[in-house]
$ cat protein_26.cif   # mmCIF, C-alpha atoms
data_data
loop_
_atom_site.label_atom_id
_atom_site.label_comp_id
_atom_site.auth_asym_id
_atom_site.auth_seq_id
_atom_site.Cartn_x
_atom_site.Cartn_y
_atom_site.Cartn_z
CA MET K 1 13.71 23.15 20.71
CA VAL K 2 13.32 19.40 21.22
CA ARG K 3 15.88 17.03 19.79
CA VAL K 4 14.94 13.66 18.25
CA TYR K 5 17.41 10.79 18.22
CA GLY K 6 16.06 8.74 15.36
CA MET K 7 16.75 6.67 12.26
CA ALA K 8 15.14 8.00 9.08
CA GLU K 9 14.07 4.57 7.82
CA SER K 10 12.43 3.54 11.11
CA GLY K 11 8.65 3.75 11.28
CA ASN K 12 8.80 4.23 15.05
CA CYS K 13 10.99 7.31 14.53
CA TYR K 14 8.87 8.58 11.64
CA LYS K 15 5.87 8.76 14.01
CA VAL K 16 7.64 11.52 15.96
CA LYS K 17 8.68 13.41 12.84
CA LEU K 18 5.12 13.28 11.46
CA LEU K 19 3.47 14.58 14.64
CA LEU K 20 6.07 17.34 15.16
CA SER K 21 5.48 18.44 11.57
CA GLN K 22 1.71 18.47 12.06
CA LEU K 23 2.12 20.45 15.30
CA LYS K 24 4.39 22.89 13.39
CA GLN K 25 6.88 22.38 16.22
CA PRO K 26 10.53 22.88 15.18
CA PHE K 27 12.92 20.08 16.11
CA GLU K 28 16.48 18.93 15.64
CA TRP K 29 16.96 15.42 14.23
CA ILE K 30 20.07 13.45 15.22
CA GLU K 31 20.38 10.56 12.79
CA THR K 32 21.16 7.44 14.84
CA ASP K 33 21.88 4.29 12.86
CA VAL K 34 20.62 1.27 14.80
CA THR K 35 22.01 -1.10 12.18
CA ARG K 36 25.53 0.15 12.95
CA GLY K 37 25.22 -0.11 16.73
CA ALA K 38 24.68 3.62 17.43
CA THR K 39 22.14 2.83 20.18
CA ARG K 40 24.45 0.40 22.02
CA THR K 41 27.22 2.88 22.90
CA SER K 42 27.60 3.91 26.55
CA GLU K 43 26.86 7.49 25.50
CA PHE K 44 23.52 6.50 23.99
CA LEU K 45 22.61 4.06 26.79
CA ALA K 46 22.94 6.95 29.25
CA ARG K 47 20.08 8.60 27.33
CA ASN K 48 17.94 5.45 27.08
CA SER K 49 19.02 2.38 29.02
CA ASN K 50 16.82 0.23 26.75
CA GLY K 51 18.99 1.27 23.76
CA GLN K 52 16.23 2.18 21.31
CA VAL K 53 15.25 4.99 19.00
CA PRO K 54 13.32 7.20 18.89
CA THR K 55 14.41 8.94 22.07
CA LEU K 56 13.22 12.52 22.56
CA GLU K 57 15.42 15.04 24.33
CA VAL K 58 12.60 17.07 25.88
CA SER K 59 14.97 19.64 27.36
CA PRO K 60 18.77 19.48 27.73
CA GLY K 61 19.60 16.22 29.49
CA VAL K 62 15.96 15.08 29.90
CA PHE K 63 15.16 12.08 27.70
CA LEU K 64 11.89 10.32 26.88
CA PRO K 65 11.98 6.97 25.00
CA GLU K 66 9.17 4.83 23.50
CA SER K 67 7.65 6.17 20.30
CA ASN K 68 4.04 6.06 21.49
CA ALA K 69 4.87 7.66 24.85
CA ILE K 70 6.56 10.46 22.90
CA LEU K 71 3.40 10.85 20.81
CA GLY K 72 1.35 11.05 24.01
CA TYR K 73 3.68 13.64 25.51
CA LEU K 74 3.67 15.87 22.43
CA ALA K 75 -0.08 15.50 21.80
CA GLU K 76 -1.27 16.40 25.33
CA ASP K 77 -3.75 19.29 25.11
CA THR K 78 -3.80 19.21 21.29
CA PRO K 79 -6.48 17.98 18.86
CA TYR K 80 -4.33 14.89 18.22
CA TRP K 81 -5.35 13.34 21.56
CA ARG K 82 -8.77 14.69 22.40
CA GLY K 83 -11.99 13.67 24.08
CA ASP K 84 -13.31 12.24 27.31
CA ALA K 85 -11.65 9.44 29.28
CA LEU K 86 -13.04 6.71 27.03
CA GLU K 87 -12.14 8.50 23.79
CA ARG K 88 -8.62 9.09 25.09
CA ALA K 89 -8.38 5.45 26.15
CA ARG K 90 -9.37 4.36 22.62
CA VAL K 91 -6.22 6.15 21.42
CA LEU K 92 -4.19 4.17 23.97
CA GLN K 93 -5.97 0.95 22.96
CA TRP K 94 -4.82 1.24 19.36
CA MET K 95 -1.31 2.39 20.28
CA PHE K 96 -0.90 -0.67 22.52
CA PHE K 97 -2.36 -2.83 19.73
CA GLU K 98 0.28 -1.31 17.45
CA GLN K 99 3.21 -2.14 19.73
CA TYR K 100 2.00 -5.62 20.71
CA SER K 101 0.09 -7.05 17.73
CA HIS K 102 1.32 -5.06 14.71
CA GLU K 103 4.88 -3.70 14.97
CA PRO K 104 6.52 -6.97 16.13
CA TYR K 105 5.24 -8.62 12.93
CA ILE K 106 4.94 -6.00 10.20
CA ALA K 107 7.99 -3.93 11.18
CA VAL K 108 10.07 -7.03 11.86
CA ALA K 109 9.11 -8.67 8.53
CA ARG K 110 10.14 -5.38 6.85
CA PHE K 111 13.43 -5.40 8.77
CA ILE K 112 14.15 -8.97 7.68
CA LEU K 113 13.55 -8.15 3.99
CA LEU K 114 14.71 -4.53 3.73
CA PHE K 115 17.70 -4.37 6.10
CA ALA K 116 18.79 -7.93 6.85
CA LYS K 117 17.91 -8.92 3.24
CA LYS K 118 17.08 -12.48 4.28
CA PRO K 119 14.00 -13.62 2.32
CA ASP K 120 14.72 -17.20 3.51
CA HIS K 121 14.71 -16.21 7.21
CA PRO K 122 13.02 -19.02 9.21
CA LEU K 123 10.80 -16.57 11.15
CA LEU K 124 9.52 -14.59 8.14
CA ALA K 125 6.45 -16.74 7.41
CA GLU K 126 5.26 -16.54 11.02
CA LYS K 127 5.83 -12.77 11.13
CA GLN K 128 3.79 -12.37 7.94
CA LYS K 129 0.99 -14.60 9.21
CA ARG K 130 0.63 -12.59 12.44
CA GLY K 131 1.03 -9.33 10.50
CA TYR K 132 -1.92 -10.27 8.29
CA GLN K 133 -3.95 -11.00 11.45
CA ALA K 134 -3.26 -7.43 12.61
CA LEU K 135 -4.26 -6.07 9.20
CA GLY K 136 -7.51 -8.04 9.47
CA VAL K 137 -8.34 -6.42 12.81
CA MET K 138 -7.57 -2.98 11.33
CA GLU K 139 -9.65 -3.63 8.20
CA GLN K 140 -12.66 -4.64 10.28
CA HIS K 141 -12.42 -1.50 12.42
CA LEU K 142 -11.90 0.85 9.48
CA SER K 143 -14.91 -0.62 7.67
CA SER K 144 -17.12 1.25 10.12
CA GLU K 145 -14.97 4.14 11.42
CA PRO K 146 -12.87 6.69 9.49
CA PHE K 147 -10.06 6.74 12.05
CA PHE K 148 -8.85 4.48 14.86
CA ALA K 149 -10.20 6.53 17.76
CA GLY K 150 -13.46 7.15 15.86
CA ALA K 151 -14.43 10.35 14.08
CA HIS K 152 -11.14 12.22 14.46
CA TYR K 153 -7.57 11.72 13.29
CA SER K 154 -5.33 11.15 16.33
CA ILE K 155 -1.93 9.89 17.39
CA ALA K 156 -3.38 6.36 17.16
CA ASP K 157 -3.55 6.88 13.38
CA ILE K 158 0.01 8.23 13.30
CA SER K 159 1.17 5.20 15.29
CA LEU K 160 -0.48 2.66 12.98
CA TYR K 161 0.27 4.54 9.76
CA ALA K 162 4.03 4.43 10.37
CA TYR K 163 4.57 0.79 9.44
CA THR K 164 1.28 0.08 7.60
CA HIS K 165 2.13 2.49 4.77
CA VAL K 166 5.40 0.63 4.16
CA ALA K 167 3.97 -2.85 4.83
CA HIS K 168 4.71 -3.83 1.20
CA GLU K 169 8.41 -3.58 2.10
CA GLY K 170 7.73 -6.45 4.53
CA GLY K 171 6.09 -8.49 1.79
CA PHE K 172 2.48 -7.60 2.65
CA ASP K 173 -0.11 -7.12 -0.09
CA LEU K 174 -2.74 -4.52 0.87
CA ALA K 175 -4.91 -5.15 -2.21
CA PRO K 176 -7.47 -7.20 -0.20
CA TYR K 177 -7.75 -4.40 2.41
CA PRO K 178 -9.75 -1.57 0.80
CA ALA K 179 -10.69 0.10 4.10
CA ILE K 180 -7.02 0.27 5.11
CA ARG K 181 -6.07 1.71 1.70
CA SER K 182 -8.76 4.42 2.01
CA TRP K 183 -7.56 5.24 5.52
CA LEU K 184 -3.94 5.55 4.30
CA GLU K 185 -5.21 8.18 1.83
CA ARG K 186 -7.11 10.01 4.58
CA VAL K 187 -3.92 10.15 6.68
CA ARG K 188 -1.90 11.51 3.74
CA ALA K 189 -4.53 14.24 3.29
CA GLN K 190 -4.12 15.57 6.85
CA PRO K 191 -2.77 19.12 7.29
CA GLY K 192 0.97 19.18 7.86
CA TYR K 193 1.51 15.65 6.55
CA VAL K 194 5.09 14.77 5.61
CA GLY K 195 6.28 11.47 4.16
CA MET K 196 8.79 9.16 5.79
CA ARG K 197 11.34 9.99 3.13
CA GLY K 198 9.95 13.44 2.33
CA MET U 1 -20.70 -1.58 37.51
CA VAL U 2 -17.97 -2.43 35.04
CA ARG U 3 -17.49 -6.01 33.91
CA VAL U 4 -14.05 -7.55 33.36
CA TYR U 5 -13.60 -10.44 30.93
CA GLY U 6 -10.42 -11.97 32.26
CA MET U 7 -8.47 -15.10 33.12
CA ALA U 8 -7.41 -15.34 36.78
CA GLU U 9 -3.93 -16.67 36.02
CA SER U 10 -3.15 -13.95 33.44
CA GLY U 11 -0.92 -11.10 34.58
CA ASN U 12 -2.50 -8.78 32.01
CA CYS U 13 -5.91 -9.44 33.56
CA TYR U 14 -4.58 -9.17 37.12
CA LYS U 15 -3.50 -5.59 36.36
CA VAL U 16 -7.17 -4.60 36.00
CA LYS U 17 -8.23 -6.46 39.15
CA LEU U 18 -5.45 -4.81 41.17
CA LEU U 19 -6.26 -1.26 40.06
CA LEU U 20 -10.02 -1.70 40.53
CA SER U 21 -9.35 -3.00 44.04
CA GLN U 22 -7.11 -0.04 44.83
CA LEU U 23 -9.74 2.36 43.47
CA LYS U 24 -12.35 0.56 45.62
CA GLN U 25 -14.45 0.28 42.47
CA PRO U 26 -16.81 -2.71 42.44
CA PHE U 27 -16.65 -4.93 39.37
CA GLU U 28 -17.98 -8.16 37.95
CA TRP U 29 -15.38 -10.71 36.79
CA ILE U 30 -16.27 -13.07 33.93
CA GLU U 31 -13.69 -15.85 33.95
CA THR U 32 -12.62 -16.39 30.33
CA ASP U 33 -10.25 -19.29 29.74
CA VAL U 34 -7.90 -18.42 26.87
CA THR U 35 -6.30 -21.87 27.00
CA ARG U 36 -9.69 -23.42 26.09
CA GLY U 37 -10.46 -21.06 23.22
CA ALA U 38 -12.95 -18.82 25.06
CA THR U 39 -11.59 -15.70 23.31
CA ARG U 40 -11.91 -17.16 19.80
CA THR U 41 -15.71 -17.63 19.79
CA SER U 42 -17.76 -15.35 17.55
CA GLU U 43 -19.50 -14.07 20.69
CA PHE U 44 -16.22 -12.99 22.24
CA LEU U 45 -14.76 -11.64 18.97
CA ALA U 46 -17.75 -9.28 18.76
CA ARG U 47 -16.50 -7.76 22.02
CA ASN U 48 -12.83 -7.63 21.00
CA SER U 49 -11.93 -8.42 17.41
CA ASN U 50 -8.33 -9.04 18.49
CA GLY U 51 -9.55 -11.93 20.67
CA GLN U 52 -7.70 -11.10 23.87
CA VAL U 53 -8.36 -10.69 27.56
CA PRO U 54 -8.63 -8.53 29.53
CA THR U 55 -11.53 -6.75 27.87
CA LEU U 56 -13.44 -4.24 29.97
CA GLU U 57 -17.17 -3.75 29.49
CA VAL U 58 -17.26 -0.07 30.39
CA SER U 59 -21.04 0.12 30.08
CA PRO U 60 -23.48 -2.39 28.56
CA GLY U 61 -22.22 -3.20 25.07
CA VAL U 62 -19.22 -0.83 25.18
CA PHE U 63 -15.92 -2.73 25.28
CA LEU U 64 -12.35 -1.60 25.85
CA PRO U 65 -9.47 -4.05 25.25
CA GLU U 66 -5.71 -3.79 25.94
CA SER U 67 -4.71 -4.11 29.59
CA ASN U 68 -2.68 -0.90 29.73
CA ALA U 69 -5.36 1.14 27.92
CA ILE U 70 -7.84 -0.13 30.52
CA LEU U 71 -5.44 1.01 33.28
CA GLY U 72 -5.24 4.43 31.61
CA TYR U 73 -9.01 4.68 31.33
CA LEU U 74 -9.67 3.73 34.95
CA ALA U 75 -6.81 5.86 36.35
CA GLU U 76 -7.73 9.14 34.60
CA ASP U 77 -8.12 11.88 37.21
CA THR U 78 -6.89 9.63 40.02
CA PRO U 79 -3.57 9.60 41.93
CA TYR U 80 -2.57 6.50 39.93
CA TRP U 81 -1.83 8.60 36.82
CA ARG U 82 -0.85 12.04 38.03
CA GLY U 83 1.43 14.92 37.15
CA ASP U 84 2.31 17.22 34.28
CA ALA U 85 2.63 16.11 30.66
CA LEU U 86 6.13 14.71 31.13
CA GLU U 87 5.26 12.84 34.33
CA ARG U 88 2.20 11.36 32.65
CA ALA U 89 4.31 10.41 29.63
CA ARG U 90 6.78 8.59 31.93
CA VAL U 91 3.85 6.35 32.93
CA LEU U 92 3.17 5.66 29.25
CA GLN U 93 6.89 5.08 28.62
CA TRP U 94 7.04 2.24 31.13
CA MET U 95 3.70 0.75 30.07
CA PHE U 96 4.93 0.61 26.46
CA PHE U 97 8.23 -0.85 27.70
CA GLU U 98 6.15 -3.48 29.49
CA GLN U 99 4.17 -4.50 26.42
CA TYR U 100 7.11 -4.42 24.00
CA SER U 101 10.25 -5.40 25.95
CA HIS U 102 8.96 -7.29 29.01
CA GLU U 103 5.65 -9.12 28.55
CA PRO U 104 6.55 -10.86 25.24
CA TYR U 105 9.50 -12.50 27.03
CA ILE U 106 8.66 -12.88 30.72
CA ALA U 107 4.95 -13.66 30.29
CA VAL U 108 5.59 -15.92 27.31
CA ALA U 109 8.37 -17.86 29.12
CA ARG U 110 5.91 -18.30 32.00
CA PHE U 111 3.23 -19.50 29.58
CA ILE U 112 5.63 -22.04 28.06
CA LEU U 113 6.55 -23.47 31.47
CA LEU U 114 3.32 -23.07 33.46
CA PHE U 115 0.58 -23.70 30.90
CA ALA U 116 2.15 -25.38 27.88
CA LYS U 117 4.50 -27.30 30.26
CA LYS U 118 7.25 -27.47 27.61
CA PRO U 119 10.61 -26.91 29.32
CA ASP U 120 12.32 -28.09 26.10
CA HIS U 121 10.51 -25.50 23.93
CA PRO U 122 12.97 -24.20 21.29
CA LEU U 123 12.08 -20.53 21.97
CA LEU U 124 12.41 -20.66 25.77
CA ALA U 125 16.11 -19.75 25.97
CA GLU U 126 15.66 -16.69 23.75
CA LYS U 127 12.59 -15.58 25.73
CA GLN U 128 14.58 -15.87 28.96
CA LYS U 129 17.56 -14.00 27.55
CA ARG U 130 15.40 -11.08 26.45
CA GLY U 131 13.44 -11.23 29.71
CA TYR U 132 16.66 -10.83 31.68
CA GLN U 133 17.51 -7.80 29.51
CA ALA U 134 14.20 -6.22 30.55
CA LEU U 135 14.92 -7.02 34.21
CA GLY U 136 18.32 -5.33 33.80
CA VAL U 137 16.69 -2.13 32.54
CA MET U 138 14.22 -2.21 35.44
CA GLU U 139 16.94 -2.87 38.02
CA GLN U 140 18.96 0.10 36.78
CA HIS U 141 15.94 2.43 36.97
CA LEU U 142 14.85 1.22 40.40
CA SER U 143 18.36 1.70 41.79
CA SER U 144 17.71 5.45 41.74
CA GLU U 145 13.90 5.81 41.84
CA PRO U 146 11.35 4.17 44.17
CA PHE U 147 8.73 3.73 41.43
CA PHE U 148 8.68 3.67 37.63
CA ALA U 149 7.24 7.13 37.08
CA GLY U 150 9.47 8.54 39.85
CA ALA U 151 8.37 9.40 43.37
CA HIS U 152 4.82 8.04 43.20
CA TYR U 153 3.23 4.65 42.70
CA SER U 154 1.28 4.63 39.43
CA ILE U 155 -0.33 2.37 36.86
CA ALA U 156 3.16 1.89 35.38
CA ASP U 157 4.05 -0.03 38.56
CA ILE U 158 0.85 -2.06 38.32
CA SER U 159 1.63 -2.88 34.70
CA LEU U 160 5.19 -4.06 35.42
CA TYR U 161 4.34 -5.77 38.71
CA ALA U 162 1.84 -8.12 37.06
CA TYR U 163 4.35 -10.44 35.42
CA THR U 164 7.50 -9.50 37.37
CA HIS U 165 6.11 -10.84 40.64
CA VAL U 166 5.52 -14.24 39.02
CA ALA U 167 8.68 -14.18 36.88
CA HIS U 168 9.99 -17.23 38.78
CA GLU U 169 7.17 -19.21 37.13
CA GLY U 170 8.90 -18.40 33.83
CA GLY U 171 12.23 -19.65 35.17
CA PHE U 172 13.64 -16.26 36.14
CA ASP U 173 15.80 -15.86 39.25
CA LEU U 174 15.35 -12.43 40.87
CA ALA U 175 18.13 -12.98 43.46
CA PRO U 176 20.60 -10.76 41.51
CA TYR U 177 18.01 -7.93 41.32
CA PRO U 178 17.79 -6.38 44.81
CA ALA U 179 16.22 -3.13 43.61
CA ILE U 180 13.44 -5.05 41.84
CA ARG U 181 12.84 -7.18 44.96
CA SER U 182 12.56 -4.07 47.14
CA TRP U 183 10.16 -2.50 44.66
CA LEU U 184 7.98 -5.66 44.65
CA GLU U 185 7.68 -5.21 48.44
CA ARG U 186 6.77 -1.53 48.04
CA VAL U 187 4.00 -2.48 45.61
CA ARG U 188 2.65 -5.13 47.99
CA ALA U 189 2.55 -2.47 50.75
CA GLN U 190 0.27 -0.14 48.77
CA PRO U 191 -3.24 0.55 50.13
CA GLY U 192 -5.85 -1.72 48.60
CA TYR U 193 -3.32 -4.26 47.33
CA VAL U 194 -4.71 -7.68 46.42
CA GLY U 195 -2.69 -10.64 45.20
CA MET U 196 -3.17 -12.35 41.85
CA ARG U 197 -4.59 -15.41 43.56
CA GLY U 198 -5.87 -13.53 46.63
#
$ encode --input "protein_26.cif" --output "structure tokens"
Amino acid sequence: MVRVYGMAESGNCYKVKLLLSQLKQPFEWIETDVTRGATRTSEFLARNSNGQVPTLEVSPGVFLPESNAILGYLAEDTPYWRGDALERARVLQWMFFEQYSHEPYIAVARFILLFAKKPDHPLLAEKQKRGYQALGVMEQHLSSEPFFAGAHYSIADISLYAYTHVAHEGGFDLAPYPAIRSWLERVRAQPGYVGMRG
Amino acid sequence: MVRVYGMAESGNCYKVKLLLSQLKQPFEWIETDVTRGATRTSEFLARNSNGQVPTLEVSPGVFLPESNAILGYLAEDTPYWRGDALERARVLQWMFFEQYSHEPYIAVARFILLFAKKPDHPLLAEKQKRGYQALGVMEQHLSSEPFFAGAHYSIADISLYAYTHVAHEGGFDLAPYPAIRSWLERVRAQPGYVGMRG
């Protein structure tokens, strides 16, 4: 059974929980509180020298970090990462978009408001501006496609759902994004879906 | 023949050029100057709504953005992305590390110094601090493995080489990183290697 080192309130960690649930794959969850320094101990850094959760213990003593790499590992040869080379690369495209153009703004704005509780933080406005740019790119795509990689739900949807569905906790208003709101509903309707706090 | 929309001085774009050269795959390069707004035109945004290079034109009218997704697409079924599910996920792990923990600091510090020419930029010190953290993680890994995914050169090495080999242009000193310097030499010794400006 795989073991997940994760923090329940982290969208990056929730990605792994959601996919494992949809794969009906049993797992052990080790709650690891980033906000209390649990990823900076020498014990944890031996698992992941970059000091981040989620980290998957694939087998005893074998660790895999990076949420989207974990999704790729678990989804190999499953319907969650299907298709020819181009279809599979579309999944990568949106997972890299998520880590570069979405998470650093939407997740960080949420961190500033929800965990640091600093609504006057000097970087918040810039994070929200760039977060809205990412939402604009998503809205445009979802206006013509049901899911990020096209016709089928994939790990790209799991990756982008994780922080988009709690974007309001980062101060984002999704009212002007009807295609994103419809897509959030389509994700929630997938077999095996579990909520972040469910 | 694929077409690459790219900027010659961009490490993200160089990744694509390096892999295509190593695959001996002919390509057309369309120089696209980000610093002069060439990715913000309506014509370019129709190719990539996120307005970034590199963007690969896979076939006429079919576009794939995100440098590391392009590497994944081109490397499918080649020795540059080999192995079982875990070995392939290690390649993803380091490519996500690159886009999240490396490029936003090392490439952005380089942009501030080389293109914006603002050595007094208020964010430079923080970018350099975080960039050195990424170099520390890389140095530790390369002290025990020849390449990022383990025994074999892969697209993870291409991804991390792109900005590491020009890190000095972002003010980084690689002298205290002997394992990284040896690895840079191993990359340069690979068959089909071409330089960024070569």
$ resolve_selection --input "protein_26.cif" --expression "the PyMOL selection byres ((chain U and resi 80) around 7)" --output "ChimeraX atom specification"
/U:75,78-79,81-82,153-155
$ closest_residue --input "protein_26.cif" --among "K:Val58, K:Ala179, K:Ala107, K:Leu135" --to "Ser10 in chain K" --atoms "all atoms listed in the file"
K:Ala107
$ resolve_selection --input "protein_26.cif" --expression "the PyMOL selection byres ((chain U) within 6 of (chain K))" --output "list of chain:residue names"
U:Glu66, U:Ala69, U:Tyr73, U:Ala85, U:Ala89, U:Leu92, U:Gln93
$ atom_distance --input "protein_26.cif" --atom1 "CA of Gln128 in chain U" --atom2 "CA of Ala109 in chain U"
6.5 Å
$ atom_distance --input "protein_26.cif" --atom1 "CA of Ala125 in chain K" --atom2 "CA of Arg40 in chain K"
28.8 Å
$ residues_around --input "protein_26.cif" --residues "Thr39 in chain K" --least-positions-apart "6" --cutoff "8 Å" --atoms "only C-alpha atoms" --output "tab-separated table (two decimals) with C-alpha atoms, keeping the file's coordinate frame"
chain	number	residue	atom	x	y	z
K	32	THR	CA	21.16	7.44	14.84
K	33	ASP	CA	21.88	4.29	12.86
K	45	LEU	CA	22.61	4.06	26.79
K	51	GLY	CA	18.99	1.27	23.76
K	52	GLN	CA	16.23	2.18	21.31
K	53	VAL	CA	15.25	4.99	19.00
$ closest_residue --input "protein_26.cif" --among "U:Arg197, U:Arg110, U:Arg3, U:Arg186" --to "Leu142 in chain U" --atoms "only C-alpha atoms"
U:Arg186
$ closest_residue --input "protein_26.cif" --among "K:His165, K:Ser159, K:Gly170, K:Thr55" --to "Ile112 in chain K" --atoms "all atoms listed in the file"
K:Gly170
$ residues_around --input "protein_26.cif" --residues "range 20-27 of chain U" --least-positions-apart "6" --cutoff "6 Å" --atoms "all atoms listed in the file" --output "number ranges by chain"
U: 1-3, 192
$ residues_near_point --input "protein_26.cif" --point "(-6.9, -11.9, 34.4)" --cutoff "12 Å" --atoms "only C-alpha atoms" --output "ChimeraX atom specification"
/U:4-18,29-34,52-56,66-67,162-163,195-197
$ write_last_selection --input "protein_26.cif" --atoms "C-alpha atoms" --output "PDB file, in the coordinates of the input"
ATOM      1  CA  VAL U   4     -14.050  -7.550  33.360  1.00  0.00           C
ATOM      2  CA  TYR U   5     -13.600 -10.440  30.930  1.00  0.00           C
ATOM      3  CA  GLY U   6     -10.420 -11.970  32.260  1.00  0.00           C
ATOM      4  CA  MET U   7      -8.470 -15.100  33.120  1.00  0.00           C
ATOM      5  CA  ALA U   8      -7.410 -15.340  36.780  1.00  0.00           C
ATOM      6  CA  GLU U   9      -3.930 -16.670  36.020  1.00  0.00           C
ATOM      7  CA  SER U  10      -3.150 -13.950  33.440  1.00  0.00           C
ATOM      8  CA  GLY U  11      -0.920 -11.100  34.580  1.00  0.00           C
ATOM      9  CA  ASN U  12      -2.500  -8.780  32.010  1.00  0.00           C
ATOM     10  CA  CYS U  13      -5.910  -9.440  33.560  1.00  0.00           C
ATOM     11  CA  TYR U  14      -4.580  -9.170  37.120  1.00  0.00           C
ATOM     12  CA  LYS U  15      -3.500  -5.590  36.360  1.00  0.00           C
ATOM     13  CA  VAL U  16      -7.170  -4.600  36.000  1.00  0.00           C
ATOM     14  CA  LYS U  17      -8.230  -6.460  39.150  1.00  0.00           C
ATOM     15  CA  LEU U  18      -5.450  -4.810  41.170  1.00  0.00           C
ATOM     16  CA  TRP U  29     -15.380 -10.710  36.790  1.00  0.00           C
ATOM     17  CA  ILE U  30     -16.270 -13.070  33.930  1.00  0.00           C
ATOM     18  CA  GLU U  31     -13.690 -15.850  33.950  1.00  0.00           C
ATOM     19  CA  THR U  32     -12.620 -16.390  30.330  1.00  0.00           C
ATOM     20  CA  ASP U  33     -10.250 -19.290  29.740  1.00  0.00           C
ATOM     21  CA  VAL U  34      -7.900 -18.420  26.870  1.00  0.00           C
ATOM     22  CA  GLN U  52      -7.700 -11.100  23.870  1.00  0.00           C
ATOM     23  CA  VAL U  53      -8.360 -10.690  27.560  1.00  0.00           C
ATOM     24  CA  PRO U  54      -8.630  -8.530  29.530  1.00  0.00           C
ATOM     25  CA  THR U  55     -11.530  -6.750  27.870  1.00  0.00           C
ATOM     26  CA  LEU U  56     -13.440  -4.240  29.970  1.00  0.00           C
ATOM     27  CA  GLU U  66      -5.710  -3.790  25.940  1.00  0.00           C
ATOM     28  CA  SER U  67      -4.710  -4.110  29.590  1.00  0.00           C
ATOM     29  CA  ALA U 162       1.840  -8.120  37.060  1.00  0.00           C
ATOM     30  CA  TYR U 163       4.350 -10.440  35.420  1.00  0.00           C
ATOM     31  CA  GLY U 195      -2.690 -10.640  45.200  1.00  0.00           C
ATOM     32  CA  MET U 196      -3.170 -12.350  41.850  1.00  0.00           C
ATOM     33  CA  ARG U 197      -4.590 -15.410  43.560  1.00  0.00           C
TER      34      ARG U 197
END
